[in-house]
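Colleague: Supplied in structure tokens, the structure appears directly below.
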Amino acid sequence: MLFFNQTGGYSVFVPVLAKSWTESANGTSYIFNLRSDVHYSNGDPFNAYVAWYNIYRNLYLNQAIDSPLYLVFKTTGVSIGDVNSLNNPQNSPGSNTTLLNIMQNSSNAVTVLNSTAVEFHLTNPFVSFLQVMPAGNPWNFADPYVIQQHGGVVANTPNSWMSVNGSNIGDGPYVVQTYIPNQYTLLVANPNYWAQNITDGNFMTHVARYSKVLINYKTDELTRELDVESNKAQASVIALSSITNVLKTGTNLYVPNFGTGGTMEWLQLDTEKAPLNNSLVRQAIVAAVNLTEIRQTVFQGYNTPVVGPNLNGFFGYNNSITPPPYNLTLAKALLVKAGYPNGQGLPPISFAYPTGTAYIAEMAQILVSNLAQIGITIQPQSMSVASFISATLSCCGNSTSFPDIAADSWSYWPDFSGYEFLVDQQLGAFFYLNNQTIHNLIIKSNSELNSTLRAQELSQITIDVQQNAATIWLGQDNDLPTTGNGVGPTVFNKCITGDPNMWQNPSYWVFVGLDFNQMYSTC
């Protein structure tokens with residue numbers, strides 16, 4: 001419904017599907033006035049009923065990607081049968097007065113004021129509510145009639161047809177013509193794009209510049225390199241270990257310089273299971289890891305120092321809080337204090353990472369070397385993605401299946417509230433740190449309407465997390481969109497460029513992917 005301003009960062013918005021919006025003084029009510037001329041590529045209209053439908057649809061789907069909704073909305077007053085009863089090409093309750101009354105009920109989480117106005121009633125103030133919307137799901141509103149024609153909404157179960165074909169019909173400048181899983185996606189310009197005659201200068205509603213865009217999924221690194229080097233592809237995701245050589249192949253290749261992005265890279269240390277339940281051992285490990293070496297060798301410079309869980313460029317990031325220094329003398333002294341001089345008596349420390357992440361495999365060898373200098377033995381273990389998720393994203397840190405240290409990365413909406421999960425086991429995503437003081441402060445900060453107080457709270461959370469030595473913040477990815485997260489930067493042919501400032505603003509594709517309607521060729 002709205003998006004980030006090109007130059008205003010993450011606190012200034014531009015209207016897209018919404019023309020305007022208002023927020024109540026207590027932060028629990030938002031009214032959005034919607035455009036009346038928006039329709040999907042098949043002609044079905046977008047309206048307030050569609051917005052109502054999609055919020056409740058996603059609540060009932062109950063998928064992890066929809067977690068922002070669970071923070072502020074409840075399904076009370078609306079059944080899954082009510083959701084499925086919106087089933088006509090007008091995307092309107094029509095003569096169904098029972099459904100209309102439910103939609104207009106001001107006691108429910110979402111209220112339709114009229115066909116072009118919708119009100120959201122939050123269960124509690126959530127200061128990042130507007131920042132969540134441009135970040136993609138769950139604010140990508142699908143055509144209700146299309147969903148209903150292909151299985152409708154089933155509780156706790158993704159619609160299998162929509163999972164494959166859901167982008168075939170949309171309200172943007174491009175729609176998917178063909179999607180072959182694990183092979184390719186063919187995007188075509190939307191012939192019925194509602195905004196094609198609008199000249200208001202809104203960069204988000206710009207028409208498609210190309211008739212077709214083909215996205216090939218190539219797991220083989222060499223193929224991706226050769227395709228972009230030979231101009232067979234105009235853009236390709238390249239591994240960090242190969243990026244320098246690829247860019248040397250010719251002057252026609254470049255990586256867009258859009259600055260620090262929204263991906264946090266970190267190592268998480270288990271605080272609940274011996275031997276890392278000893279804070280002195282954790283502090284020794286933190287002091288013994290050479291982050292400068294990792295950033296230069298592993299990330300090839302595509303990584304900026306950061307003290308998490310907040311990120312540079314986000315509200316409340318405090319530059320005065322610096323990371324613990326690399327200090328082998330201190331690390332050895334901490335081990336002595338912990339009762340493990342020169343690492344004697346410490347069992348091998350397990351380090352887990354998902355298979356296929358070559359940059360973490362390289363990092364693992366640096367960790368082995370770094371920690372050997374203070375007498376700690378690191379045992380790297382590459383695991384399938386499924387096994388890695390099972391081992392590290394299943395409660396809790398005292399589980400025998402948990403590795404002592406694990407590498408991970410995370411990209412979500414551009415506010416601290418999208419990254420608080422990293423350091424709070426009680427939020428149910430990452431389970432290495434469970435600290436009640438930190439949890440209470442996180443919950444308070446989410447509802448803190450006083451920006452000065454919230455900034456202070458975020459700084460205190462940062463300090464408390466650092467004192468727990470539960471995390472080694474490897475850095476914040478630089479010039480890396482989330483599509484390259486875990487792989488490397490996207491290299492473009494210099495024929496491809498974008499509107500002014502496109503590559504400079506991370507809000508374009510750090511959180512929602514590349515906007516193809518902003519691209520054009522100069523060749």
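By order in the structure tokens, chains are A, B, ...; within a chain, residues start at 1; ligands start at 1, following the order shown.
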What lies within 9 Å of Leu371 (chain A) using only C-alpha atoms, ignoring chain neighbours under 4 positions off, as a list in words?

Modeller: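 The residues satisfying every condition are Ile285, Ala288, Val289, Ile366, Leu367, Gly375, Ile376, Thr377 and Ile378 of chain A.
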
Colleague: Using only C-alpha atoms, which protein or nucleic acid residues come within 6 Å of region 63-74 of chain A? Drop anything in the same chain fewer than 5 positions from it, and give the result as a tab-separated table (two decimals) with N, CA and C atoms, in the first residue's frame.

Modeller:
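Wrote it out as result29.tsv, contents follow:
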```
chain	number	residue	atom	x	y	z
A	109	ALA	N	-10.33	-6.74	14.07
A	109	ALA	CA	-8.99	-6.23	13.80
A	109	ALA	C	-8.95	-5.37	12.55
A	122	LEU	N	-5.10	-2.26	16.05
A	122	LEU	CA	-4.02	-3.04	16.62
A	122	LEU	C	-4.33	-3.42	18.06
A	123	THR	N	-3.91	-4.60	18.46
A	123	THR	CA	-4.12	-5.03	19.84
A	123	THR	C	-3.29	-4.22	20.81
A	138	PRO	N	3.54	-9.86	4.96
A	138	PRO	CA	2.26	-10.33	4.41
A	138	PRO	C	1.44	-9.24	3.73
```

Colleague: As a list in words, please: every residue in region 202-324 of chain A that DSSP puts in strand (DSSP E).

Modeller: Lys212, Val213, Leu214, Ile215, Asn216, Ala235, Ser236, Val237, Leu253, Tyr254, Thr260, Gly261, Gly262, Thr263, Met264, Glu265, Trp266, Leu267, Gln268, Leu269, Asn303 and Thr304 of chain A

Colleague: Nearest to Asn310 (chain A) among A:Thr452, A:Ser459, A:Asn54, A:Asn182, with distances taken over only C-alpha atoms: which residue is it?

Modeller: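 That would be A:Ser459, the residue with the smallest distance to Asn310 (chain A).
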
Colleague: Show me, as a ChimeraX atom specification, the residues that have an atom within 8 Å of Ala352 (chain A) when counting only C-alpha atoms, minus same-chain residues fewer than 4 positions from it.

Modeller: /A:380-383,388,403,405-407

Colleague: Which of region 77-113 of chain A end up as helix (DSSP H, G or I) when DSSP is run on this backbone - answer as a list in words?

Modeller: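 Filtering region 77-113 of chain A down to helix (DSSP H, G or I) leaves Ile80, Gly81, Asp82, Val83, Asn84, Thr97, Thr98, Leu99, Leu100, Asn101, Ile102 and Met103 of chain A.
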
Colleague: How close does each residue of region 431-498 of chain A get to region 124-135 of chain A, giving the shortest atom pair and distance in Å to one decimal for every residue with an atom at most 10 Å away, counting only C-alpha atoms, sorted by chain and residue number, as a Markdown table?

Modeller:
```
| residue | atom | partner | partner_atom | distance |
| --- | --- | --- | --- | --- |
| A:Ile443 | CA | A:Phe126 | CA | 9.8 |
| A:Lys444 | CA | A:Phe126 | CA | 9.9 |
| A:Ser445 | CA | A:Val127 | CA | 8.4 |
| A:Asn446 | CA | A:Phe126 | CA | 5.5 |
| A:Ser447 | CA | A:Pro125 | CA | 4.8 |
| A:Glu448 | CA | A:Val127 | CA | 6.8 |
| A:Leu449 | CA | A:Val127 | CA | 6.4 |
| A:Asn450 | CA | A:Val127 | CA | 9.5 |
| A:Ser451 | CA | A:Val127 | CA | 9.2 |
| A:Arg454 | CA | A:Val127 | CA | 9.5 |
```

Colleague: Do you know which residues are at most 12 Å from Tyr317 (chain A) counting only C-alpha atoms, after dropping those on the same chain fewer than 6 positions away, and could you put them as an MDAnalysis selection string?

Modeller: chainID A and resid 306:311 414:416 454:463

Colleague: Write to file, as a tab-separated table (two decimals), in the first residue's frame, the residues of the selection just made, with N, CA and C atoms.

Modeller:
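Dumped everything to again.tsv:
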```tsv
chain	number	residue	atom	x	y	z
A	306	VAL	N	29.14	-3.81	12.56
A	306	VAL	CA	27.88	-3.44	13.18
A	306	VAL	C	27.81	-4.07	14.57
A	307	VAL	N	27.13	-3.41	15.48
A	307	VAL	CA	26.85	-3.99	16.80
A	307	VAL	C	25.35	-4.22	16.87
A	308	GLY	N	24.95	-5.48	16.73
A	308	GLY	CA	23.55	-5.81	16.68
A	308	GLY	C	22.92	-5.88	18.06
A	309	PRO	N	21.61	-6.18	18.08
A	309	PRO	CA	20.79	-6.66	16.97
A	309	PRO	C	20.21	-5.56	16.08
A	310	ASN	N	20.44	-4.29	16.40
A	310	ASN	CA	19.99	-3.22	15.52
A	310	ASN	C	21.00	-3.04	14.39
A	311	LEU	N	20.60	-2.39	13.31
A	311	LEU	CA	21.47	-2.21	12.16
A	311	LEU	C	21.71	-0.74	11.87
A	414	PRO	N	12.71	-3.14	7.93
A	414	PRO	CA	13.79	-2.22	8.34
A	414	PRO	C	13.54	-1.47	9.63
A	415	ASP	N	13.55	-2.19	10.71
A	415	ASP	CA	13.41	-1.60	12.03
A	415	ASP	C	13.92	-2.64	13.02
A	416	PHE	N	14.37	-2.18	14.16
A	416	PHE	CA	14.86	-3.10	15.19
A	416	PHE	C	13.88	-4.23	15.46
A	454	ARG	N	12.45	5.40	23.24
A	454	ARG	CA	12.68	4.15	22.50
A	454	ARG	C	14.14	4.02	22.09
A	455	ALA	N	14.75	5.10	21.67
A	455	ALA	CA	16.17	5.06	21.30
A	455	ALA	C	17.02	4.63	22.49
A	456	GLN	N	16.68	5.13	23.68
A	456	GLN	CA	17.41	4.74	24.88
A	456	GLN	C	17.22	3.26	25.19
A	457	GLU	N	16.01	2.78	24.98
A	457	GLU	CA	15.73	1.36	25.23
A	457	GLU	C	16.50	0.47	24.27
A	458	LEU	N	16.57	0.87	23.00
A	458	LEU	CA	17.31	0.07	22.02
A	458	LEU	C	18.80	0.04	22.34
A	459	SER	N	19.32	1.15	22.81
A	459	SER	CA	20.73	1.19	23.21
A	459	SER	C	20.98	0.26	24.39
A	460	GLN	N	20.07	0.26	25.35
A	460	GLN	CA	20.24	-0.61	26.52
A	460	GLN	C	20.15	-2.08	26.12
A	461	ILE	N	19.26	-2.40	25.21
A	461	ILE	CA	19.17	-3.79	24.71
A	461	ILE	C	20.49	-4.19	24.08
A	462	THR	N	21.06	-3.31	23.28
A	462	THR	CA	22.34	-3.58	22.61
A	462	THR	C	23.43	-3.85	23.64
A	463	ILE	N	23.48	-3.02	24.66
A	463	ILE	CA	24.49	-3.18	25.71
A	463	ILE	C	24.28	-4.49	26.46
```

Colleague: Which one of A:Gln196, A:Asn58, A:Asn440, A:Ser92 sits closest to Ala142 (chain A) if you count only C-alpha atoms?

Modeller: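 With only C-alpha atoms as the atom set, the closest residue is A:Asn58.
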
Colleague: Find the residues near Ala117 (chain A): any atom within 8 Å, counting only C-alpha atoms, skip ones fewer than 5 places away on the same chain, and give them as a list in words.

Modeller: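 The contact residues come out as Ile31, Phe32, Asn33, Leu34, Ala48 and Val112 of chain A.
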
Colleague: Could you save the residues just selected, with N, CA and C atoms, as a tab-separated table (two decimals), in the first residue's frame?

Modeller:
```
chain	number	residue	atom	x	y	z
A	31	ILE	N	-5.92	4.29	9.53
A	31	ILE	CA	-6.90	4.32	8.45
A	31	ILE	C	-6.17	4.59	7.14
A	32	PHE	N	-6.42	3.75	6.14
A	32	PHE	CA	-5.82	3.91	4.82
A	32	PHE	C	-6.90	4.21	3.79
A	33	ASN	N	-6.71	5.29	3.07
A	33	ASN	CA	-7.60	5.65	1.98
A	33	ASN	C	-6.98	5.13	0.69
A	34	LEU	N	-7.67	4.23	0.01
A	34	LEU	CA	-7.11	3.50	-1.12
A	34	LEU	C	-7.49	4.12	-2.46
A	48	ALA	N	-10.93	-2.16	-0.55
A	48	ALA	CA	-10.81	-2.37	0.89
A	48	ALA	C	-11.22	-3.77	1.30
A	112	VAL	N	-13.74	-2.52	7.27
A	112	VAL	CA	-13.95	-1.85	5.99
A	112	VAL	C	-14.87	-0.66	6.23
```
